[in-house]
Structures are given as structure tokens and as C-alpha cells.
file my_file.cif (mmCIF, C-alpha atoms)
data_run
loop_
_atom_site.label_atom_id
_atom_site.label_comp_id
_atom_site.auth_asym_id
_atom_site.auth_seq_id
_atom_site.Cartn_x
_atom_site.Cartn_y
_atom_site.Cartn_z
CA MET A 846 1.10 81.81 25.39
CA LYS A 847 -2.06 83.90 25.35
CA LYS A 848 -0.88 87.34 24.25
CA ALA A 849 1.30 88.44 21.33
CA ILE A 850 1.30 91.19 18.73
CA LEU A 851 3.35 92.51 15.81
CA ALA A 852 4.76 96.02 16.02
CA THR A 853 7.14 98.42 14.37
CA LYS A 854 9.81 100.35 16.23
CA VAL A 855 9.16 104.10 16.38
CA GLY A 856 12.21 105.09 18.42
CA MET A 857 13.33 105.83 21.97
CA THR A 858 12.41 108.56 24.43
CA GLN A 859 12.14 109.03 28.18
CA ILE A 860 9.27 109.55 30.59
CA PHE A 861 8.88 110.20 34.29
CA ASP A 862 6.98 107.91 36.66
CA GLN A 863 4.82 108.97 39.61
CA ASP A 864 7.88 109.22 41.85
CA GLY A 865 9.69 111.52 39.41
CA MET A 866 12.14 108.84 38.31
CA LEU A 867 13.32 109.07 34.69
CA ILE A 868 12.66 105.92 32.67
CA PRO A 869 14.16 105.29 29.19
CA VAL A 870 11.53 103.67 26.97
CA THR A 871 11.18 102.32 23.45
CA VAL A 872 8.03 103.37 21.60
CA LEU A 873 6.40 100.61 19.54
CA GLN A 874 3.52 100.94 17.07
CA ALA A 875 1.74 97.74 18.10
CA GLY A 876 -0.99 96.68 15.70
CA PRO A 877 -3.72 96.66 14.85
CA CYS A 878 -3.19 93.10 13.61
CA VAL A 879 -5.87 91.14 11.77
CA VAL A 880 -6.46 87.38 12.05
CA THR A 881 -5.93 85.97 8.54
CA GLN A 882 -6.09 82.24 9.36
CA VAL A 883 -7.00 80.00 12.29
CA LYS A 884 -5.21 76.66 12.26
CA THR A 885 -6.72 73.69 14.07
CA VAL A 886 -5.47 70.27 15.13
CA GLU A 887 -8.00 68.57 12.85
CA ASN A 888 -6.97 70.41 9.67
CA ASP A 889 -3.32 71.36 10.25
CA GLY A 890 -2.09 69.10 13.04
CA TYR A 891 -1.58 71.94 15.49
CA SER A 892 -3.42 74.93 16.89
CA ALA A 893 -2.28 78.44 15.91
CA VAL A 894 -3.45 81.85 14.77
CA GLN A 895 -1.97 83.62 11.75
CA VAL A 896 -2.09 87.41 11.91
CA GLY A 897 -1.34 90.11 9.36
CA PHE A 898 0.14 93.52 10.06
CA GLY A 899 0.80 96.56 7.89
CA GLU A 900 -0.85 97.44 4.60
CA LYS A 901 0.64 96.30 1.30
CA LYS A 902 -0.81 96.79 -2.17
CA GLU A 903 -0.98 94.30 -5.01
CA LYS A 904 1.60 94.05 -7.77
CA THR A 905 0.53 95.93 -10.87
CA MET A 906 1.63 95.85 -14.52
CA ASN A 907 1.39 98.88 -16.79
CA LYS A 908 2.10 99.25 -20.50
CA ASP A 909 4.09 102.10 -21.95
CA ALA A 910 3.29 103.90 -25.23
CA ALA A 911 5.10 101.24 -27.27
CA GLY A 912 3.00 98.48 -25.72
CA ASN A 913 5.81 97.03 -23.64
CA LYS A 914 4.95 95.81 -20.17
CA GLU A 915 6.41 97.71 -17.24
CA ILE A 916 6.17 96.73 -13.61
CA ASN A 917 4.71 99.63 -11.72
CA ARG A 918 4.60 98.14 -8.24
CA ARG A 919 6.99 95.20 -8.08
CA HIS A 920 7.11 94.96 -4.28
CA GLY A 921 3.39 94.36 -3.83
CA ILE A 922 1.74 91.10 -2.82
CA ASN A 923 1.69 88.35 -5.44
CA LYS A 924 -1.31 86.33 -6.62
CA PRO A 925 -0.97 83.43 -4.10
CA GLU A 926 -0.76 85.90 -1.22
CA LYS A 927 -3.70 87.85 -2.64
CA GLY A 928 -5.82 84.68 -2.88
CA HIS A 929 -4.92 83.62 0.64
CA LEU A 930 -5.90 86.99 2.09
CA GLN A 931 -9.05 87.28 -0.03
CA LYS A 932 -10.18 83.92 1.34
CA ALA A 933 -10.01 85.49 4.79
CA GLY A 934 -11.67 88.67 3.56
CA VAL A 935 -8.63 90.78 4.45
CA SER A 936 -6.76 93.39 2.41
CA GLY A 937 -3.06 93.00 1.51
CA LYS A 938 -0.72 92.73 4.49
CA ARG A 939 2.99 93.41 4.64
CA PHE A 940 3.77 90.93 7.44
CA LEU A 941 2.24 87.54 8.23
CA LYS A 942 3.16 85.58 11.33
CA GLU A 943 1.80 82.67 13.34
CA PHE A 944 1.28 82.57 17.09
CA ARG A 945 0.54 79.36 18.98
CA PHE A 946 -2.02 80.75 21.40
CA ASP A 947 -3.42 78.55 24.15
CA ASN A 948 -6.86 79.91 23.26
CA ALA A 949 -6.49 79.86 19.47
CA GLU A 950 -9.95 78.35 18.99
CA GLU A 951 -11.50 81.51 20.44
CA TYR A 952 -10.31 83.63 17.49
CA ASN A 953 -12.20 84.14 14.24
CA LEU A 954 -11.16 85.45 10.83
CA LYS A 955 -10.87 89.24 10.61
CA ASP A 956 -10.65 89.62 14.41
CA GLU A 957 -8.40 92.53 15.40
CA ILE A 958 -5.58 92.32 17.94
CA LYS A 959 -4.68 95.71 19.32
CA ALA A 960 -2.18 97.12 21.79
CA ASP A 961 -4.74 97.06 24.61
CA ILE A 962 -4.23 93.30 25.07
CA PHE A 963 -1.24 94.37 27.18
CA ALA A 964 -1.46 96.42 30.34
CA GLU A 965 0.93 98.57 32.34
CA GLY A 966 3.31 96.39 34.32
CA ASP A 967 3.14 93.37 31.98
CA ARG A 968 6.38 91.54 31.23
CA VAL A 969 7.12 90.88 27.56
CA ASP A 970 9.78 89.45 25.26
CA ALA A 971 10.77 91.50 22.19
CA THR A 972 12.22 89.80 19.08
CA ALA A 973 13.67 91.67 16.09
CA ILE A 974 16.55 91.67 13.60
CA SER A 975 19.44 93.70 14.99
CA LYS A 976 21.13 96.54 13.14
CA GLY A 977 23.69 95.39 10.57
CA LYS A 978 27.24 96.62 11.25
CA GLY A 979 28.90 95.24 8.13
CA TYR A 980 32.39 93.69 8.17
CA GLN A 981 34.06 94.42 11.52
CA GLY A 982 37.27 93.46 13.30
CA THR A 983 37.53 91.49 16.51
CA ILE A 984 37.85 94.54 18.78
CA LYS A 985 34.41 95.85 17.82
CA ARG A 986 32.88 92.44 17.12
CA TYR A 987 33.98 90.63 20.29
CA GLY A 988 35.45 93.32 22.52
CA GLN A 989 39.00 91.94 22.34
CA HIS A 990 41.97 93.98 23.57
CA ARG A 991 44.23 95.91 21.22
CA GLY A 992 48.00 95.87 21.16
CA PRO A 993 50.36 98.70 22.21
CA MET A 994 49.81 101.89 20.24
CA ALA A 995 53.46 103.06 20.49
CA HIS A 996 55.47 103.77 17.36
CA GLY A 997 57.64 100.68 17.74
CA SER A 998 54.71 98.31 17.96
CA LYS A 999 53.62 96.54 14.81
CA PHE A 1000 50.57 94.99 16.47
CA HIS A 1001 47.63 97.33 17.06
CA ARG A 1002 44.17 95.99 16.22
CA HIS A 1003 44.91 92.46 14.96
CA GLN A 1004 43.01 89.58 16.58
CA GLY A 1005 46.22 88.10 18.01
CA SER A 1006 47.52 84.54 17.92
CA ASN A 1007 45.22 82.13 16.09
CA GLY A 1008 46.82 78.84 17.11
CA ALA A 1009 50.05 76.93 17.68
CA CYS A 1010 52.10 75.99 14.61
CA SER A 1011 53.08 72.42 15.57
CA SER A 1012 50.35 71.18 17.89
CA PRO A 1013 47.43 71.09 17.24
CA SER A 1014 48.44 72.72 13.90
CA ARG A 1015 45.00 74.19 13.35
CA VAL A 1016 42.68 76.95 14.48
CA PHE A 1017 40.00 75.85 16.92
CA LYS A 1018 36.35 76.29 16.04
CA GLY A 1019 34.83 79.35 17.65
CA LYS A 1020 37.97 81.45 17.44
CA GLY A 1021 37.07 85.14 17.30
CA MET A 1022 37.75 86.38 13.79
CA PRO A 1023 36.82 89.47 11.79
CA GLY A 1024 33.57 89.09 9.88
CA HIS A 1025 30.00 90.19 9.38
CA MET A 1026 28.50 91.75 12.50
CA GLY A 1027 24.84 92.31 13.33
CA SER A 1028 21.73 91.63 11.23
CA VAL A 1029 20.78 88.60 13.35
CA GLN A 1030 17.61 87.77 15.26
CA ILE A 1031 17.79 88.84 18.90
CA THR A 1032 15.26 88.36 21.69
CA VAL A 1033 15.35 90.57 24.78
CA GLN A 1034 13.43 89.01 27.66
CA ASN A 1035 11.56 90.43 30.64
CA LEU A 1036 10.95 93.94 29.40
CA THR A 1037 8.37 95.90 31.37
CA VAL A 1038 5.44 97.61 29.67
CA VAL A 1039 5.51 101.12 31.16
CA LYS A 1040 2.53 102.63 29.33
CA VAL A 1041 -0.17 101.59 26.85
CA ASP A 1042 -1.86 104.10 24.54
CA ALA A 1043 -4.89 102.15 23.33
CA GLU A 1044 -6.17 105.00 21.17
CA LYS A 1045 -2.97 105.26 19.11
CA ASN A 1046 -1.94 101.58 19.51
CA LEU A 1047 1.37 102.48 21.14
CA LEU A 1048 3.37 100.44 23.63
CA LEU A 1049 6.07 102.07 25.75
CA VAL A 1050 8.53 99.40 26.87
CA LYS A 1051 11.26 100.05 29.42
CA GLY A 1052 14.79 99.80 28.00
CA THR A 1053 16.01 99.04 24.51
CA VAL A 1054 14.58 96.82 21.80
CA PRO A 1055 16.74 95.31 19.00
CA GLY A 1056 16.66 96.67 15.47
CA PRO A 1057 16.55 100.00 13.66
CA LYS A 1058 13.56 102.32 13.41
CA LYS A 1059 10.59 101.02 11.40
CA CYS A 1060 11.74 97.39 11.80
CA LEU A 1061 9.32 94.58 12.61
CA VAL A 1062 9.21 93.65 16.30
CA THR A 1063 7.39 90.63 17.73
CA ILE A 1064 6.03 91.24 21.22
CA LYS A 1065 5.03 88.20 23.31
CA GLU A 1066 4.23 87.68 26.95
CA THR A 1067 7.44 86.63 28.65
CA VAL A 1068 8.36 82.97 29.03
CA LYS A 1069 10.75 83.59 31.92
CA ALA A 1070 9.30 86.00 34.45
CA ALA A 1071 11.67 87.99 36.68
CA GLU A 1072 12.05 86.74 40.21
#
call {"tool": "encode", "arguments": {"input": "my_file.cif", "output": "C-alpha cells"}}
result
Amino acid sequence: MKKAILATKVGMTQIFDQDGMLIPVTVLQAGPCVVTQVKTVENDGYSAVQVGFGEKKEKTMNKDAAGNKEINRRHGINKPEKGHLQKAGVSGKRFLKEFRFDNAEEYNLKDEIKADIFAEGDRVDATAISKGKGYQGTIKRYGQHRGPMAHGSKFHRHQGSNGACSSPSRVFKGKGMPGHMGSVQITVQNLTVVKVDAEKNLLLVKGTVPGPKKCLVTIKETVKAAE
């Protein structure tokens, strides 16, 4: 892998290509990312580049009139994170992630990775945490069929038979049951980069990308190119 970047999801829109065809696209705020650490085989046992994305301030403690301590910014970076980033000469970052680049030794601390590393027509893989749906039944969760909706029916949206009573006298693993849906990591492969706005660090990717707006999205060059 030679190209990757962190981004946040802006939303979806549609554009027209040169032939007048409408293309649904997802807009991603890709970078700029800053190199916060370069890992080498000699020091760390493997070669990788750690990048930071998004600004994040330091935790602060204020005192009220009575002299009691109050946390003013409890979601800021802590002291170990602050020391790690100060060593690289970088301000506080909200996200840190490693990429195992083939050319990791070519990067230096504080180098910027921007959206222009990708070009129109590139194929990428997008990874993000999907939207959480909460506790859902089997019809929504797995697409199972419902029962008759007539008045005499007492079976409408139940998941159906779970298993035989005598043999094997148990429910098999993997049986579709109601439960928590969504909020899992999903990777969509072979998405096409339709447009790159280098000035605003925007990537327009054809189709949908997992996750809600403002979520973190990892964009990598695809590992399984389309035939």
C-alpha cells in the first residue's frame, strides 16, 4: 500500500459527468493529515507511518471561587498523548492511525498528507463504523419474512421456529435472533474517486460510504481492483 488518508464524512450529493450521466457521490473531507511518527524495522520491528488528523485541545483544569477544581475541557488530549505529539512537534490531534506504507522510509515527521495523493479514476476502499440501529427484530436485522397479517393469525413479526424440541434439543449457532444492529466496522471496496478538490481537500467518491455524517473514514488504495 502506497496511498491512504483519514477523512470525515460530509454527506452525499450528485454530480453530472461529461456525458450528462448523473452520478451519486459521497463527499469526504480528506486531510490534511500530519505524520506524527515513523516506525522502522530497526526500532519497532516493522515499517509504518503514524498520522494524525483533526485538531484537539489539551485537557484543562480550572478552580472555582471556593478553590475546588473543576474540569473545563475533559475530552481533550491527556499528558501522554501531549508528550507524544510534542516529541513530533505537532499540535493535538483527534485521531491517530498507522498505515503500513511500502515507502514508509520516505516520510518525515510533520509531513502533510493531503487529498491530492489521489486522482480522478483511482479505486479506493473506505472503512468506517456503520450507523447504530439499536435493538432490532429479525425482519429488519436479517430481512426475514413475516407471518400472515390477518386477524386470525397470532404470528406476525416473530423470528419463527428456533429448533426442534427432541432432536437436536438446542438452537444452532448462527440462528438469526433479535439483537443489536449496526455500529460495526464495515469496509466497502472498489469505490471510484470521481473528483478531487485539492484546494479544499475534498474527495468525491462514487456511491455510498458507511457511517453517519462527521464520522471518521479511512481511505486506502484498493486491495482488490475491479476486473
call {"tool": "atom_distance", "arguments": {"input": "my_file.cif", "atom1": "CA of Gly1052 in chain A", "atom2": "CA of Ala971 in chain A"}}
result
10.9 Å
call {"tool": "resolve_selection", "arguments": {"input": "my_file.cif", "expression": "the PyMOL selection byres ((chain A and resi 1035) around 8)", "output": "list in words"}}
result
Arg968, Val969, Asp970, Val1033, Gln1034, Leu1036, Thr1037, Thr1067, Lys1069, Ala1070 and Ala1071 of chain A
call {"tool": "residues_around", "arguments": {"input": "my_file.cif", "residues": "Val1029 in chain A", "least_positions_apart": "5", "cutoff": "8 Å", "atoms": "all atoms listed in the file", "output": "compact mmCIF listing (two decimals) with C-alpha atoms, keeping the file's coordinate frame"}}
result
# COMPACT_ATOMS: atom_id res chain seq x y z
CA ILE A 974 16.55 91.67 13.60
CA SER A 975 19.44 93.70 14.99
CA LYS A 976 21.13 96.54 13.14
CA GLY A 977 23.69 95.39 10.57
call {"tool": "resolve_selection", "arguments": {"input": "my_file.cif", "expression": "the PyMOL selection byres ((chain A and resi 934) around 12)", "output": "PDB file with C-alpha atoms, in the coordinates of the input"}}
result
ATOM      1  CA  VAL A 879      -5.870  91.140  11.770  1.00  0.00           C
ATOM      2  CA  VAL A 880      -6.460  87.380  12.050  1.00  0.00           C
ATOM      3  CA  THR A 881      -5.930  85.970   8.540  1.00  0.00           C
ATOM      4  CA  GLN A 882      -6.090  82.240   9.360  1.00  0.00           C
ATOM      5  CA  GLY A 897      -1.340  90.110   9.360  1.00  0.00           C
ATOM      6  CA  LYS A 927      -3.700  87.850  -2.640  1.00  0.00           C
ATOM      7  CA  GLY A 928      -5.820  84.680  -2.880  1.00  0.00           C
ATOM      8  CA  HIS A 929      -4.920  83.620   0.640  1.00  0.00           C
ATOM      9  CA  LEU A 930      -5.900  86.990   2.090  1.00  0.00           C
ATOM     10  CA  GLN A 931      -9.050  87.280  -0.030  1.00  0.00           C
ATOM     11  CA  LYS A 932     -10.180  83.920   1.340  1.00  0.00           C
ATOM     12  CA  ALA A 933     -10.010  85.490   4.790  1.00  0.00           C
ATOM     13  CA  VAL A 935      -8.630  90.780   4.450  1.00  0.00           C
ATOM     14  CA  SER A 936      -6.760  93.390   2.410  1.00  0.00           C
ATOM     15  CA  GLY A 937      -3.060  93.000   1.510  1.00  0.00           C
ATOM     16  CA  LYS A 938      -0.720  92.730   4.490  1.00  0.00           C
ATOM     17  CA  ASN A 953     -12.200  84.140  14.240  1.00  0.00           C
ATOM     18  CA  LEU A 954     -11.160  85.450  10.830  1.00  0.00           C
ATOM     19  CA  LYS A 955     -10.870  89.240  10.610  1.00  0.00           C
ATOM     20  CA  ASP A 956     -10.650  89.620  14.410  1.00  0.00           C
TER      21      ASP A 956
END
call {"tool": "closest_residue", "arguments": {"input": "my_file.cif", "among": "A:Leu1061, A:Ala1043, A:Ala995, A:Ile860", "to": "Ala964 in chain A", "atoms": "all atoms listed in the file"}}
result
A:Ala1043
call {"tool": "decode", "arguments": {"input": "my_file.cif", "residues": "range 852-879 of chain A", "atoms": "N, CA, C and O atoms", "output": "PDB file, in the first residue's frame"}}
result
ATOM      1  N   ALA A 852     -10.258  10.721   6.768  1.00  0.00           N
ATOM      2  CA  ALA A 852     -11.242  11.704   6.308  1.00  0.00           C
ATOM      3  C   ALA A 852     -12.455  11.669   7.219  1.00  0.00           C
ATOM      4  O   ALA A 852     -12.639  10.740   8.014  1.00  0.00           O
ATOM      5  N   THR A 853     -13.274  12.687   7.100  1.00  0.00           N
ATOM      6  CA  THR A 853     -14.574  12.708   7.754  1.00  0.00           C
ATOM      7  C   THR A 853     -15.647  12.813   6.689  1.00  0.00           C
ATOM      8  O   THR A 853     -15.440  13.424   5.633  1.00  0.00           O
ATOM      9  N   LYS A 854     -16.788  12.196   6.974  1.00  0.00           N
ATOM     10  CA  LYS A 854     -17.877  12.157   6.001  1.00  0.00           C
ATOM     11  C   LYS A 854     -18.678  13.454   6.076  1.00  0.00           C
ATOM     12  O   LYS A 854     -19.193  13.823   7.132  1.00  0.00           O
ATOM     13  N   VAL A 855     -18.783  14.141   4.944  1.00  0.00           N
ATOM     14  CA  VAL A 855     -19.550  15.387   4.871  1.00  0.00           C
ATOM     15  C   VAL A 855     -21.009  15.099   4.553  1.00  0.00           C
ATOM     16  O   VAL A 855     -21.914  15.680   5.138  1.00  0.00           O
ATOM     17  N   GLY A 856     -21.246  14.185   3.623  1.00  0.00           N
ATOM     18  CA  GLY A 856     -22.613  13.848   3.228  1.00  0.00           C
ATOM     19  C   GLY A 856     -22.626  13.349   1.790  1.00  0.00           C
ATOM     20  O   GLY A 856     -21.583  13.069   1.204  1.00  0.00           O
ATOM     21  N   MET A 857     -23.824  13.240   1.230  1.00  0.00           N
ATOM     22  CA  MET A 857     -23.983  12.757  -0.146  1.00  0.00           C
ATOM     23  C   MET A 857     -24.607  13.836  -1.014  1.00  0.00           C
ATOM     24  O   MET A 857     -25.353  14.697  -0.545  1.00  0.00           O
ATOM     25  N   THR A 858     -24.271  13.783  -2.297  1.00  0.00           N
ATOM     26  CA  THR A 858     -24.864  14.668  -3.288  1.00  0.00           C
ATOM     27  C   THR A 858     -24.801  13.952  -4.624  1.00  0.00           C
ATOM     28  O   THR A 858     -24.540  12.753  -4.682  1.00  0.00           O
ATOM     29  N   GLN A 859     -25.019  14.683  -5.702  1.00  0.00           N
ATOM     30  CA  GLN A 859     -24.950  14.094  -7.034  1.00  0.00           C
ATOM     31  C   GLN A 859     -24.327  15.092  -7.992  1.00  0.00           C
ATOM     32  O   GLN A 859     -24.506  16.295  -7.857  1.00  0.00           O
ATOM     33  N   ILE A 860     -23.577  14.558  -8.948  1.00  0.00           N
ATOM     34  CA  ILE A 860     -22.951  15.398  -9.966  1.00  0.00           C
ATOM     35  C   ILE A 860     -23.206  14.766 -11.332  1.00  0.00           C
ATOM     36  O   ILE A 860     -23.657  13.613 -11.427  1.00  0.00           O
ATOM     37  N   PHE A 861     -22.891  15.522 -12.371  1.00  0.00           N
ATOM     38  CA  PHE A 861     -23.041  15.037 -13.733  1.00  0.00           C
ATOM     39  C   PHE A 861     -21.672  14.922 -14.375  1.00  0.00           C
ATOM     40  O   PHE A 861     -20.823  15.810 -14.224  1.00  0.00           O
ATOM     41  N   ASP A 862     -21.453  13.816 -15.108  1.00  0.00           N
ATOM     42  CA  ASP A 862     -20.176  13.640 -15.801  1.00  0.00           C
ATOM     43  C   ASP A 862     -20.220  14.333 -17.162  1.00  0.00           C
ATOM     44  O   ASP A 862     -21.185  15.038 -17.496  1.00  0.00           O
ATOM     45  N   GLN A 863     -19.178  14.137 -17.950  1.00  0.00           N
ATOM     46  CA  GLN A 863     -19.076  14.805 -19.248  1.00  0.00           C
ATOM     47  C   GLN A 863     -20.151  14.351 -20.216  1.00  0.00           C
ATOM     48  O   GLN A 863     -20.512  15.094 -21.135  1.00  0.00           O
ATOM     49  N   ASP A 864     -20.672  13.141 -20.015  1.00  0.00           N
ATOM     50  CA  ASP A 864     -21.715  12.624 -20.905  1.00  0.00           C
ATOM     51  C   ASP A 864     -23.112  12.976 -20.417  1.00  0.00           C
ATOM     52  O   ASP A 864     -24.103  12.539 -21.011  1.00  0.00           O
ATOM     53  N   GLY A 865     -23.209  13.730 -19.321  1.00  0.00           N
ATOM     54  CA  GLY A 865     -24.510  14.107 -18.788  1.00  0.00           C
ATOM     55  C   GLY A 865     -25.150  13.058 -17.912  1.00  0.00           C
ATOM     56  O   GLY A 865     -26.329  13.183 -17.570  1.00  0.00           O
ATOM     57  N   MET A 866     -24.379  12.026 -17.540  1.00  0.00           N
ATOM     58  CA  MET A 866     -24.911  10.978 -16.674  1.00  0.00           C
ATOM     59  C   MET A 866     -24.836  11.429 -15.216  1.00  0.00           C
ATOM     60  O   MET A 866     -23.829  11.980 -14.767  1.00  0.00           O
ATOM     61  N   LEU A 867     -25.926  11.193 -14.466  1.00  0.00           N
ATOM     62  CA  LEU A 867     -25.972  11.558 -13.057  1.00  0.00           C
ATOM     63  C   LEU A 867     -25.237  10.514 -12.223  1.00  0.00           C
ATOM     64  O   LEU A 867     -25.470   9.308 -12.384  1.00  0.00           O
ATOM     65  N   ILE A 868     -24.363  10.972 -11.343  1.00  0.00           N
ATOM     66  CA  ILE A 868     -23.568  10.075 -10.510  1.00  0.00           C
ATOM     67  C   ILE A 868     -23.789  10.430  -9.040  1.00  0.00           C
ATOM     68  O   ILE A 868     -23.508  11.561  -8.626  1.00  0.00           O
ATOM     69  N   PRO A 869     -24.293   9.502  -8.219  1.00  0.00           N
ATOM     70  CA  PRO A 869     -24.388   9.761  -6.769  1.00  0.00           C
ATOM     71  C   PRO A 869     -23.008   9.641  -6.134  1.00  0.00           C
ATOM     72  O   PRO A 869     -22.285   8.671  -6.378  1.00  0.00           O
ATOM     73  N   VAL A 870     -22.633  10.626  -5.331  1.00  0.00           N
ATOM     74  CA  VAL A 870     -21.294  10.634  -4.738  1.00  0.00           C
ATOM     75  C   VAL A 870     -21.378  10.946  -3.254  1.00  0.00           C
ATOM     76  O   VAL A 870     -22.313  11.593  -2.781  1.00  0.00           O
ATOM     77  N   THR A 871     -20.376  10.465  -2.525  1.00  0.00           N
ATOM     78  CA  THR A 871     -20.189  10.807  -1.119  1.00  0.00           C
ATOM     79  C   THR A 871     -19.041  11.794  -1.025  1.00  0.00           C
ATOM     80  O   THR A 871     -17.960  11.558  -1.572  1.00  0.00           O
ATOM     81  N   VAL A 872     -19.267  12.891  -0.320  1.00  0.00           N
ATOM     82  CA  VAL A 872     -18.245  13.928  -0.157  1.00  0.00           C
ATOM     83  C   VAL A 872     -17.477  13.656   1.130  1.00  0.00           C
ATOM     84  O   VAL A 872     -18.066  13.496   2.203  1.00  0.00           O
ATOM     85  N   LEU A 873     -16.146  13.595   1.024  1.00  0.00           N
ATOM     86  CA  LEU A 873     -15.289  13.304   2.166  1.00  0.00           C
ATOM     87  C   LEU A 873     -14.290  14.437   2.357  1.00  0.00           C
ATOM     88  O   LEU A 873     -13.651  14.878   1.397  1.00  0.00           O
ATOM     89  N   GLN A 874     -14.173  14.914   3.594  1.00  0.00           N
ATOM     90  CA  GLN A 874     -13.142  15.898   3.943  1.00  0.00           C
ATOM     91  C   GLN A 874     -11.878  15.115   4.264  1.00  0.00           C
ATOM     92  O   GLN A 874     -11.682  14.626   5.368  1.00  0.00           O
ATOM     93  N   ALA A 875     -11.000  14.978   3.276  1.00  0.00           N
ATOM     94  CA  ALA A 875      -9.825  14.111   3.380  1.00  0.00           C
ATOM     95  C   ALA A 875      -8.598  14.930   3.747  1.00  0.00           C
ATOM     96  O   ALA A 875      -8.049  15.655   2.915  1.00  0.00           O
ATOM     97  N   GLY A 876      -8.169  14.827   5.004  1.00  0.00           N
ATOM     98  CA  GLY A 876      -6.974  15.523   5.437  1.00  0.00           C
ATOM     99  C   GLY A 876      -7.226  16.998   5.678  1.00  0.00           C
ATOM    100  O   GLY A 876      -8.374  17.448   5.726  1.00  0.00           O
ATOM    101  N   PRO A 877      -6.143  17.762   5.835  1.00  0.00           N
ATOM    102  CA  PRO A 877      -4.754  17.285   5.771  1.00  0.00           C
ATOM    103  C   PRO A 877      -4.357  16.492   7.016  1.00  0.00           C
ATOM    104  O   PRO A 877      -4.713  16.849   8.135  1.00  0.00           O
ATOM    105  N   CYS A 878      -3.614  15.410   6.795  1.00  0.00           N
ATOM    106  CA  CYS A 878      -3.080  14.593   7.877  1.00  0.00           C
ATOM    107  C   CYS A 878      -1.596  14.919   8.060  1.00  0.00           C
ATOM    108  O   CYS A 878      -0.909  15.256   7.098  1.00  0.00           O
ATOM    109  N   VAL A 879      -1.128  14.792   9.288  1.00  0.00           N
ATOM    110  CA  VAL A 879       0.256  15.112   9.618  1.00  0.00           C
ATOM    111  C   VAL A 879       0.949  13.852  10.129  1.00  0.00           C
ATOM    112  O   VAL A 879       0.379  13.103  10.938  1.00  0.00           O
TER     113      VAL A 879
END
